[in-house]
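Student: I'd like to ask you about the structure that follows.
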Amino acid sequence: MGSVKRVFLIVLDSYGIGYLPDAEHFGDVGANTLATIVKSEKYSTPNMEKMGLFNIEGVDCREGAEHPEGSFARMAETSLGKDTTIGHWEIAGIVSPQPMPVYPEGFPEEVLEPFRRQTGRGVLCNRPYSGTDVIRDYGEEHLKTGDLIVYTSADSVFQIAAHEEKVPLAELYEDCRIARKILQGKHGVGRVIARPFLGTAPDFYRTRNRHDFSLLPPKRTMLVSLQEHGFDTYGVGKIYDIFAGQGIAHTVSMTNNEDGMEKALRYMEEDFTGLCFVNLVDFDMVYGHRNNIEGYAEAAAVFDRQLGQMMERMKEDDVVIITADHGCDPGFPGTDHTREYTPMIAWGKAVRQGVSLGTRKSFADIAATVLEMFGIPESLDGESFWQEIREA
């Protein structure tokens, strides 16, 4: 094993740093999440800047640090997608050559017919919709008929909304498992999501009992490899769901970004050897999709302050790696994810200072690097950059 005992891998969900060369195929030419949010007066990330955020190749929206304290790279996505699942799978070592299916016209009858038959309930809506709007528009009909509200988004998702007093949670979750079994192969959406709600019209509201039923990763990930080699694996936030639990020994949910970082800071107090994998979803879900530039910028500032606490608590053999899974430029037309490069910043006593790795071909290089840090002779779909950044 090398000189690293623990890696804290933090995914700032949707923190893109500029559109990829193939962005025209996704309608995303011109997108740049970071360039949009730095214009806000609320944007302040001194710790990430000190590590080298603005020294990354191609990032020109602010001056870089004179003497960056970390190693850094611009990461290109090889997989054909721009969603959370495919982005995280690539970070964990799987390149997905096919995009996950999306349903801008709703789901076909070959999916809905077996779903209705096996759940014993009808289907309402069946088109892309905002989660809050769909319960406002279909909630009353759902309560009258007991039919399930099925809808999707720009993402590869099959979402089922149901009132908790009409469809008990246990039944809703079972309906999601039925959908998950149906949605395989060409209809293998990334996630089936239970979206329970409560209240009366017009004041319906979503509850905290959301649950994601993810597609199993199609190949081995760094999480499986770490576990097989006896290392600890911790997931914070959506990580467990994104990987359908595969390779995650310990998991904890979170209520928001700040809480997620608090959970990660708590894991720092535990004596473990291995990986703590964190997803901070608010950047994407609460700010990116809602075109909230000020909120996104402020969330970056809050994260950076908590990153400062993490830096203070890090031990000699700890490394933190900060990255993202796609973009979601809150200043770009529309509310969808954006096809962007992502940052990679590595920092810790075991990491050399001021090493620019230029542009890497795949997010999967992070997985290969983490495995090499722990002395595991496996690279999955990536190429390790550990030898270039390790402190001699």
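As shown in the structure tokens, the chain order sets the letters A, B, ...; within each chain, residues go from 1, and ligands are also counted from 1 in the order they appear.
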Per residue of segment 15-83 of chain A within 7 Å of segment 297-312 of chain A, record the nearest atom pair and its distance in Å to one decimal, counting only C-alpha atoms, with rows in chain order and ascending residue number, as JSON lines.
Tutor:
```
{"residue": "A:Ile37", "atom": "CA", "partner": "A:Ala297", "partner_atom": "CA", "distance": 5.2}
{"residue": "A:Val38", "atom": "CA", "partner": "A:Ala297", "partner_atom": "CA", "distance": 6.9}
{"residue": "A:Ser40", "atom": "CA", "partner": "A:Ala297", "partner_atom": "CA", "distance": 6.4}
{"residue": "A:Lys42", "atom": "CA", "partner": "A:Glu298", "partner_atom": "CA", "distance": 5.2}
{"residue": "A:Tyr43", "atom": "CA", "partner": "A:Ala297", "partner_atom": "CA", "distance": 4.6}
{"residue": "A:Ser44", "atom": "CA", "partner": "A:Ala301", "partner_atom": "CA", "distance": 4.9}
{"residue": "A:Thr45", "atom": "CA", "partner": "A:Asp304", "partner_atom": "CA", "distance": 5.3}
{"residue": "A:Asn47", "atom": "CA", "partner": "A:Asp304", "partner_atom": "CA", "distance": 6.0}
{"residue": "A:Met48", "atom": "CA", "partner": "A:Asp304", "partner_atom": "CA", "distance": 6.7}
```
Student: Step one, run DSSP on the backbone; step two, keep only residues of segment 130-160 of chain A assigned to strand (DSSP E); then write them as a PyMOL selection string.
Tutor: chain A and resi 148-152+157-160
Student: Could you save the residues just selected, with all heavy atoms, as a PDB file, in the first residue's frame?
Tutor:
```pdb
ATOM      1  N   LEU A 148     -51.823   5.980 -10.305  1.00  0.00           N
ATOM      2  CA  LEU A 148     -50.494   6.501  -9.954  1.00  0.00           C
ATOM      3  C   LEU A 148     -50.089   7.616 -10.922  1.00  0.00           C
ATOM      4  O   LEU A 148     -50.340   7.517 -12.128  1.00  0.00           O
ATOM      5  CB  LEU A 148     -49.452   5.377 -10.010  1.00  0.00           C
ATOM      6  CG  LEU A 148     -49.689   4.223  -9.016  1.00  0.00           C
ATOM      7  CD1 LEU A 148     -48.839   3.017  -9.381  1.00  0.00           C
ATOM      8  CD2 LEU A 148     -49.385   4.668  -7.582  1.00  0.00           C
ATOM      9  N   ILE A 149     -49.464   8.653 -10.400  1.00  0.00           N
ATOM     10  CA  ILE A 149     -48.960   9.741 -11.251  1.00  0.00           C
ATOM     11  C   ILE A 149     -47.561   9.341 -11.717  1.00  0.00           C
ATOM     12  O   ILE A 149     -46.619   9.257 -10.918  1.00  0.00           O
ATOM     13  CB  ILE A 149     -48.901  11.073 -10.475  1.00  0.00           C
ATOM     14  CG1 ILE A 149     -50.278  11.431  -9.897  1.00  0.00           C
ATOM     15  CG2 ILE A 149     -48.396  12.191 -11.382  1.00  0.00           C
ATOM     16  CD1 ILE A 149     -50.261  12.608  -8.916  1.00  0.00           C
ATOM     17  N   VAL A 150     -47.448   9.052 -12.991  1.00  0.00           N
ATOM     18  CA  VAL A 150     -46.162   8.635 -13.576  1.00  0.00           C
ATOM     19  C   VAL A 150     -45.656   9.775 -14.458  1.00  0.00           C
ATOM     20  O   VAL A 150     -46.382  10.275 -15.317  1.00  0.00           O
ATOM     21  CB  VAL A 150     -46.318   7.342 -14.408  1.00  0.00           C
ATOM     22  CG1 VAL A 150     -45.053   7.062 -15.215  1.00  0.00           C
ATOM     23  CG2 VAL A 150     -46.640   6.161 -13.498  1.00  0.00           C
ATOM     24  N   TYR A 151     -44.421  10.181 -14.242  1.00  0.00           N
ATOM     25  CA  TYR A 151     -43.868  11.278 -15.052  1.00  0.00           C
ATOM     26  C   TYR A 151     -42.359  11.117 -15.166  1.00  0.00           C
ATOM     27  O   TYR A 151     -41.750  10.275 -14.502  1.00  0.00           O
ATOM     28  CB  TYR A 151     -44.241  12.639 -14.452  1.00  0.00           C
ATOM     29  CG  TYR A 151     -43.648  12.949 -13.087  1.00  0.00           C
ATOM     30  CD1 TYR A 151     -42.614  13.877 -12.949  1.00  0.00           C
ATOM     31  CD2 TYR A 151     -44.126  12.327 -11.936  1.00  0.00           C
ATOM     32  CE1 TYR A 151     -42.076  14.169 -11.704  1.00  0.00           C
ATOM     33  CE2 TYR A 151     -43.596  12.614 -10.686  1.00  0.00           C
ATOM     34  CZ  TYR A 151     -42.571  13.536 -10.573  1.00  0.00           C
ATOM     35  OH  TYR A 151     -42.031  13.826  -9.344  1.00  0.00           O
ATOM     36  N   THR A 152     -41.752  11.914 -16.024  1.00  0.00           N
ATOM     37  CA  THR A 152     -40.301  11.855 -16.227  1.00  0.00           C
ATOM     38  C   THR A 152     -39.750  13.275 -16.249  1.00  0.00           C
ATOM     39  O   THR A 152     -40.433  14.224 -15.856  1.00  0.00           O
ATOM     40  CB  THR A 152     -39.964  11.053 -17.499  1.00  0.00           C
ATOM     41  OG1 THR A 152     -38.553  10.874 -17.595  1.00  0.00           O
ATOM     42  CG2 THR A 152     -40.490  11.732 -18.756  1.00  0.00           C
ATOM     43  N   VAL A 157     -35.258   9.011 -16.032  1.00  0.00           N
ATOM     44  CA  VAL A 157     -35.961   8.652 -14.790  1.00  0.00           C
ATOM     45  C   VAL A 157     -37.417   8.286 -15.070  1.00  0.00           C
ATOM     46  O   VAL A 157     -38.031   8.813 -15.979  1.00  0.00           O
ATOM     47  CB  VAL A 157     -35.933   9.798 -13.738  1.00  0.00           C
ATOM     48  CG1 VAL A 157     -34.533  10.011 -13.190  1.00  0.00           C
ATOM     49  CG2 VAL A 157     -36.489  11.097 -14.303  1.00  0.00           C
ATOM     50  N   PHE A 158     -37.939   7.367 -14.251  1.00  0.00           N
ATOM     51  CA  PHE A 158     -39.349   6.998 -14.230  1.00  0.00           C
ATOM     52  C   PHE A 158     -39.814   7.320 -12.821  1.00  0.00           C
ATOM     53  O   PHE A 158     -39.408   6.665 -11.865  1.00  0.00           O
ATOM     54  CB  PHE A 158     -39.478   5.493 -14.524  1.00  0.00           C
ATOM     55  CG  PHE A 158     -40.889   4.949 -14.604  1.00  0.00           C
ATOM     56  CD1 PHE A 158     -41.496   4.742 -15.833  1.00  0.00           C
ATOM     57  CD2 PHE A 158     -41.594   4.585 -13.453  1.00  0.00           C
ATOM     58  CE1 PHE A 158     -42.782   4.198 -15.918  1.00  0.00           C
ATOM     59  CE2 PHE A 158     -42.871   4.034 -13.534  1.00  0.00           C
ATOM     60  CZ  PHE A 158     -43.473   3.846 -14.768  1.00  0.00           C
ATOM     61  N   GLN A 159     -40.624   8.379 -12.677  1.00  0.00           N
ATOM     62  CA  GLN A 159     -40.997   8.847 -11.343  1.00  0.00           C
ATOM     63  C   GLN A 159     -42.463   8.532 -11.067  1.00  0.00           C
ATOM     64  O   GLN A 159     -43.311   8.688 -11.943  1.00  0.00           O
ATOM     65  CB  GLN A 159     -40.747  10.352 -11.227  1.00  0.00           C
ATOM     66  CG  GLN A 159     -39.287  10.705 -11.567  1.00  0.00           C
ATOM     67  CD  GLN A 159     -38.950  12.153 -11.292  1.00  0.00           C
ATOM     68  OE1 GLN A 159     -38.587  12.515 -10.188  1.00  0.00           O
ATOM     69  NE2 GLN A 159     -39.065  13.000 -12.298  1.00  0.00           N
ATOM     70  N   ILE A 160     -42.734   8.075  -9.843  1.00  0.00           N
ATOM     71  CA  ILE A 160     -44.095   7.720  -9.445  1.00  0.00           C
ATOM     72  C   ILE A 160     -44.472   8.549  -8.223  1.00  0.00           C
ATOM     73  O   ILE A 160     -43.870   8.408  -7.144  1.00  0.00           O
ATOM     74  CB  ILE A 160     -44.228   6.226  -9.093  1.00  0.00           C
ATOM     75  CG1 ILE A 160     -43.633   5.340 -10.198  1.00  0.00           C
ATOM     76  CG2 ILE A 160     -45.683   5.870  -8.829  1.00  0.00           C
ATOM     77  CD1 ILE A 160     -43.560   3.862  -9.834  1.00  0.00           C
TER      78      ILE A 160
END
```
Student: Hey, what's within 7 Å of segment 327-341 of chain A if we count only C-alpha atoms and toss same-chain stuff fewer than 2 positions away? As a ChimeraX atom specification, please?
Tutor: /A:14-20,23,26,28,31-33,36,74-77,82-83,154,284,287-293,343
Student: Rounded to one decimal in Å, what is the spacing between atom CA of Thr233 of chain A and atom CA of Thr273 of chain A?
Tutor: 8.5 Å
Student: Which one of A:Lys39, A:Lys181, A:Arg117, A:His88 sits closest to His326 of chain A if you count only C-alpha atoms?
Tutor: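 Ranking A:Lys39, A:Lys181, A:Arg117, A:His88 by distance to His326 of chain A, first place goes to A:His88.
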Student: Env of segment 104-106 of chain A: 7 Å cut, atoms = only C-alpha atoms, seq-sep filter 5 positions within chain, self excluded. Answer as a PyMOL selection string.
Tutor: chain A and resi 126-128
Student: Identify which of the residues A:Asp259, A:Glu63, A:Glu164, A:Glu90 lies closest to Asn209 of chain A, counting only C-alpha atoms when measuring atom-to-atom distances.
Tutor: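 When distances to Asn209 of chain A are compared using only C-alpha atoms, the smallest one comes from A:Glu164.
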Student: If DSSP is run on the backbone, what residues of segment 117-258 of chain A are helix (DSSP H, G or I)? A reply as a PyMOL selection string would be ideal.
Tutor: chain A and resi 117-119+131-145+169-182+185-187+222-228+239-242+257-258
Student: Give the answer as one residue: which of A:Met314, A:Asp381, A:Thr323, A:Thr221 has the shortest atom-to-atom distance to Pro97 of chain A, using only C-alpha atoms?
Tutor: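 Closest candidate: A:Asp381.
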Student: Segment 355-363 of chain A: which residues within 8 Å, counting only C-alpha atoms, same-chain residues fewer than 3 positions away excluded, as a ChimeraX atom specification?
Tutor: /A:55-57,70-78,87,90-91,93,352,366-367,382,388-389
Student: Name the residues in contact with Val111 of chain A at a cut-off of 9 Å, using only C-alpha atoms, excluding same-chain residues fewer than 6 positions from it; report them as a list in words.
Tutor: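 Answer for this query is Ala179, Ile182, Leu183 and His187 of chain A.
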Student: Let me make sure I understand: among A:Tyr240, A:Lys186, A:Ala161, A:Val252, which one has the smallest atom-to-atom distance to Thr207 of chain A if we use only C-alpha atoms?
Tutor: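 Going through A:Tyr240, A:Lys186, A:Ala161, A:Val252 one by one, the smallest distance to Thr207 of chain A is for A:Ala161.
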Student: Tell me which of A:Leu53, A:Val59, A:Ala264, A:Met100 sits closest to Gln184 of chain A, counting only C-alpha atoms.
Tutor: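 For Gln184 of chain A, the nearest of the candidates is A:Met100.
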Student: Just to confirm, what's the straight-line distance from atom CA of Gly190 of chain A to atom CA of Gly30 of chain A in Å (one decimal)?
Tutor: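 It comes out at 26.6 Å.
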